[in-house]
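**Q** The structure's right below; bear with me while I get my questions together.
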Amino acid sequence: MSPQQLPQLTPLLHDELPISFVARLAWTNGFRTLGEFCRIVNLRVSDLFTLSEPMVRRISDMSEVAPTELARFRKSSEPLTDFGQSTVRTKQVLPFNRIRVCLRCLTVDSLSVSSPVSTPPYIRAPWQWSLISSCGIHKCSLTHLQHSLIDLPEFQHRSDSQDRKSPARSNASDDYLYRRLTEPAGSNYLDQMPAYVAAEFCILLGRIAANSAPKHLLWAQSHTSLRLGESGFAIASRGPEAISEFLLNIAARPNGSHYLRPIFKWATTHNEKAHYTPALELLQQQAIKLSG
């Protein structure tokens, strides 16, 4: 037992945000809030989100959770962050003062606490990747915590007191991106790329679809990157043949080359970046077909 180990321990859940785990650890040991815990043991709350190596070792000593497990969803100071099972852009991970949750997940967690097989209310790390906007289980939008995580006495308190009527949404791309962060990559085409590249490629395809849509639909003007990613995923998830067919159909339209301009800009920007190779190779093949 480490001299720094806390009397009461709790397990880190497989997709849990580190700061969520530390909050639960504090409550388990009788502290009223995460803020009180950090003041007494001399921790900076903001450091729990970036988790430097010394901080990881200190939390590991307190909790008996392996440093590699604690660091699984930490936010890097580098441009790219290894986040769970894949890689994301660091700037796409929300800061600790803008934490998002699925209220329905927290409610279900709260109701299961008294059951033999229970999951305590906790914050899932993939909810903090800004390119995910909804919960794949409950088909509802994620929402920001209305009060600071530092001052919460428990997550169950939030799920019981906040409005649970989140707008219904069904988003296959969000389901896919969540799995990319929590499960090993599979064998489909998008799985050949890191999660952030797969998401960006879907947004690119969605933007081309939007730009080439009838102008009265106002797609390009009214659709955010997240919505463009949804429409692009509907194409990319069917594999390289479907992507090729989509691009060839766009090219065959009047002014088709104009609609495809975002591809050339994207390919030029990311040329020779290894993470982008599967997408760039496919686009290069399409360029050869079109030039022939």
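Ordering of the structure tokens sets the chain letters (A, B, ...); residue numbers start at 1 within each chain; ligands are numbered from 1 in the order shown.
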At a cut-off of 10 Å, using only C-alpha atoms, what residues contact Thr143 of chain A? Leave out same-chain residues fewer than 5 positions from it and give the result as a list in words.

**A**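 Counting only C-alpha atoms, the residues come to Arg98, Ile99, Arg100, Val101, Cys102, Leu103, Trp127, Ser133, Ser134 and Ser166 of chain A.
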
**Q** Please build the interface table for segment 1-110 of chain A against segment 260-277 of chain A with a cut-off of 12 Å, listing for each qualifying residue the nearest atom pair and the distance in Å to one decimal; count only C-alpha atoms, order rows by chain and increasing number, and write it as CSV.

**A**
residue,atom,partner,partner_atom,distance
A:Leu80,CA,A:His275,CA,11.2
A:Ser86,CA,A:His275,CA,11.4
A:Thr87,CA,A:His275,CA,9.8
A:Val88,CA,A:His275,CA,11.1

**Q** Could you give me, as a PyMOL selection string, the residues within 12 Å of segment 35-40 of chain A, counting only C-alpha atoms and dropping anything in the same chain fewer than 4 positions from it?

**A** chain A and resi 6+19+22-31+44-48+59+148-153

**Q** Write out as a count of residues only which residues come within 12 Å of Phe21 of chain A when counting only C-alpha atoms, dropping same-chain ones fewer than 6 positions away.

**A** 31

**Q** If DSSP is run on the backbone, what residues of segment 129-260 of chain A are helix (DSSP H, G or I)? A reply as a ChimeraX atom specification would be ideal.

**A** /A:149-151,155-161,172-182,190-192,195-212,215-217,219-222,225-236,240-251,256-259

**Q** Pick the closest to Ser237 of chain A from A:Leu190, A:Leu111, A:Leu142, A:Leu282: which is it, counting only C-alpha atoms?

**A**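 Among the listed residues, the smallest separation from Ser237 of chain A belongs to A:Leu190.
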
**Q** Expressed in Å to a single decimal, how great is the separation between atom CA of Asp175 of chain A and atom CA of Ile137 of chain A?

**A**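 Atom CA of Asp175 of chain A sits 8.3 Å away from atom CA of Ile137 of chain A.
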
**Q** A:Ser173, A:Ala195, A:Pro79, A:Pro18: which is nearest Met55 of chain A, counting only C-alpha atoms?

**A**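 The closest residue to Met55 of chain A is A:Pro18.
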
**Q** Which of these, A:Ile132, A:Gln156, A:Thr90, A:Thr68, has the shortest distance to Val108 of chain A once you count only C-alpha atoms?

**A** A:Gln156

**Q** Tell me, as a PyMOL selection string, which residues lie within 12 Å of Ser77 of chain A, counting only C-alpha atoms; anything in the same chain fewer than 5 positions away does not count.

**A** chain A and resi 47+49-52+82+89-91+93

**Q** Given the selection you just returned, output its residues as a file containing N, CA and C atoms, formatted as a short mmCIF file (atom, residue, chain, number, x, y, z; two decimals), in the first residue's frame.

**A**
data_model
loop_
_atom_site.label_atom_id
_atom_site.label_comp_id
_atom_site.auth_asym_id
_atom_site.auth_seq_id
_atom_site.Cartn_x
_atom_site.Cartn_y
_atom_site.Cartn_z
N ASP A 47 -5.12 20.63 -14.04
CA ASP A 47 -4.08 19.63 -14.31
C ASP A 47 -4.65 18.22 -14.42
N PHE A 49 -7.06 17.43 -16.17
CA PHE A 49 -7.53 17.21 -17.54
C PHE A 49 -6.37 16.93 -18.48
N THR A 50 -5.26 17.63 -18.30
CA THR A 50 -4.08 17.39 -19.16
C THR A 50 -3.23 16.25 -18.63
N LEU A 51 -3.21 16.06 -17.30
CA LEU A 51 -2.52 14.93 -16.68
C LEU A 51 -1.05 14.80 -17.10
N SER A 52 -0.20 15.62 -16.53
CA SER A 52 1.23 15.47 -16.74
C SER A 52 1.69 14.15 -16.13
N ASP A 82 -3.43 11.10 -28.35
CA ASP A 82 -3.89 9.71 -28.31
C ASP A 82 -5.03 9.66 -27.30
N ARG A 89 -7.43 15.47 -32.82
CA ARG A 89 -6.74 16.76 -32.69
C ARG A 89 -6.98 17.28 -31.27
N THR A 90 -5.91 17.73 -30.64
CA THR A 90 -6.02 18.19 -29.25
C THR A 90 -7.03 19.33 -29.12
N LYS A 91 -7.06 20.23 -30.10
CA LYS A 91 -7.97 21.37 -30.02
C LYS A 91 -9.43 20.94 -30.12
N VAL A 93 -10.68 18.46 -28.32
CA VAL A 93 -11.09 17.95 -27.01
C VAL A 93 -11.50 19.14 -26.15
#

**Q** Rank A:Phe83, A:Phe201, A:Phe96, A:Tyr196 by their smallest atom-to-atom distance to Gly229 of chain A, using only C-alpha atoms, and report the top residue only.

**A** A:Phe201

**Q** In Å, rounded to a single decimal, give me how far atom CA of Phe233 of chain A is from atom CA of Asp174 of chain A.

**A** 9.6 Å

**Q** Check segment 11-192 of chain A with DSSP on the backbone and list each residue it calls strand (DSSP E or B), as a list in words.

**A**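 Written out, the strand (DSSP E or B) residues of segment 11-192 of chain A are Glu16, Leu80, Thr81, Asp82, Phe83, Ser86, Thr87, Val88, Arg89, Val93, Arg100, Val101, Arg124, Trp129, Ser134, Cys135, Cys140, Ser141, Thr143, His144 and Ala168 of chain A.
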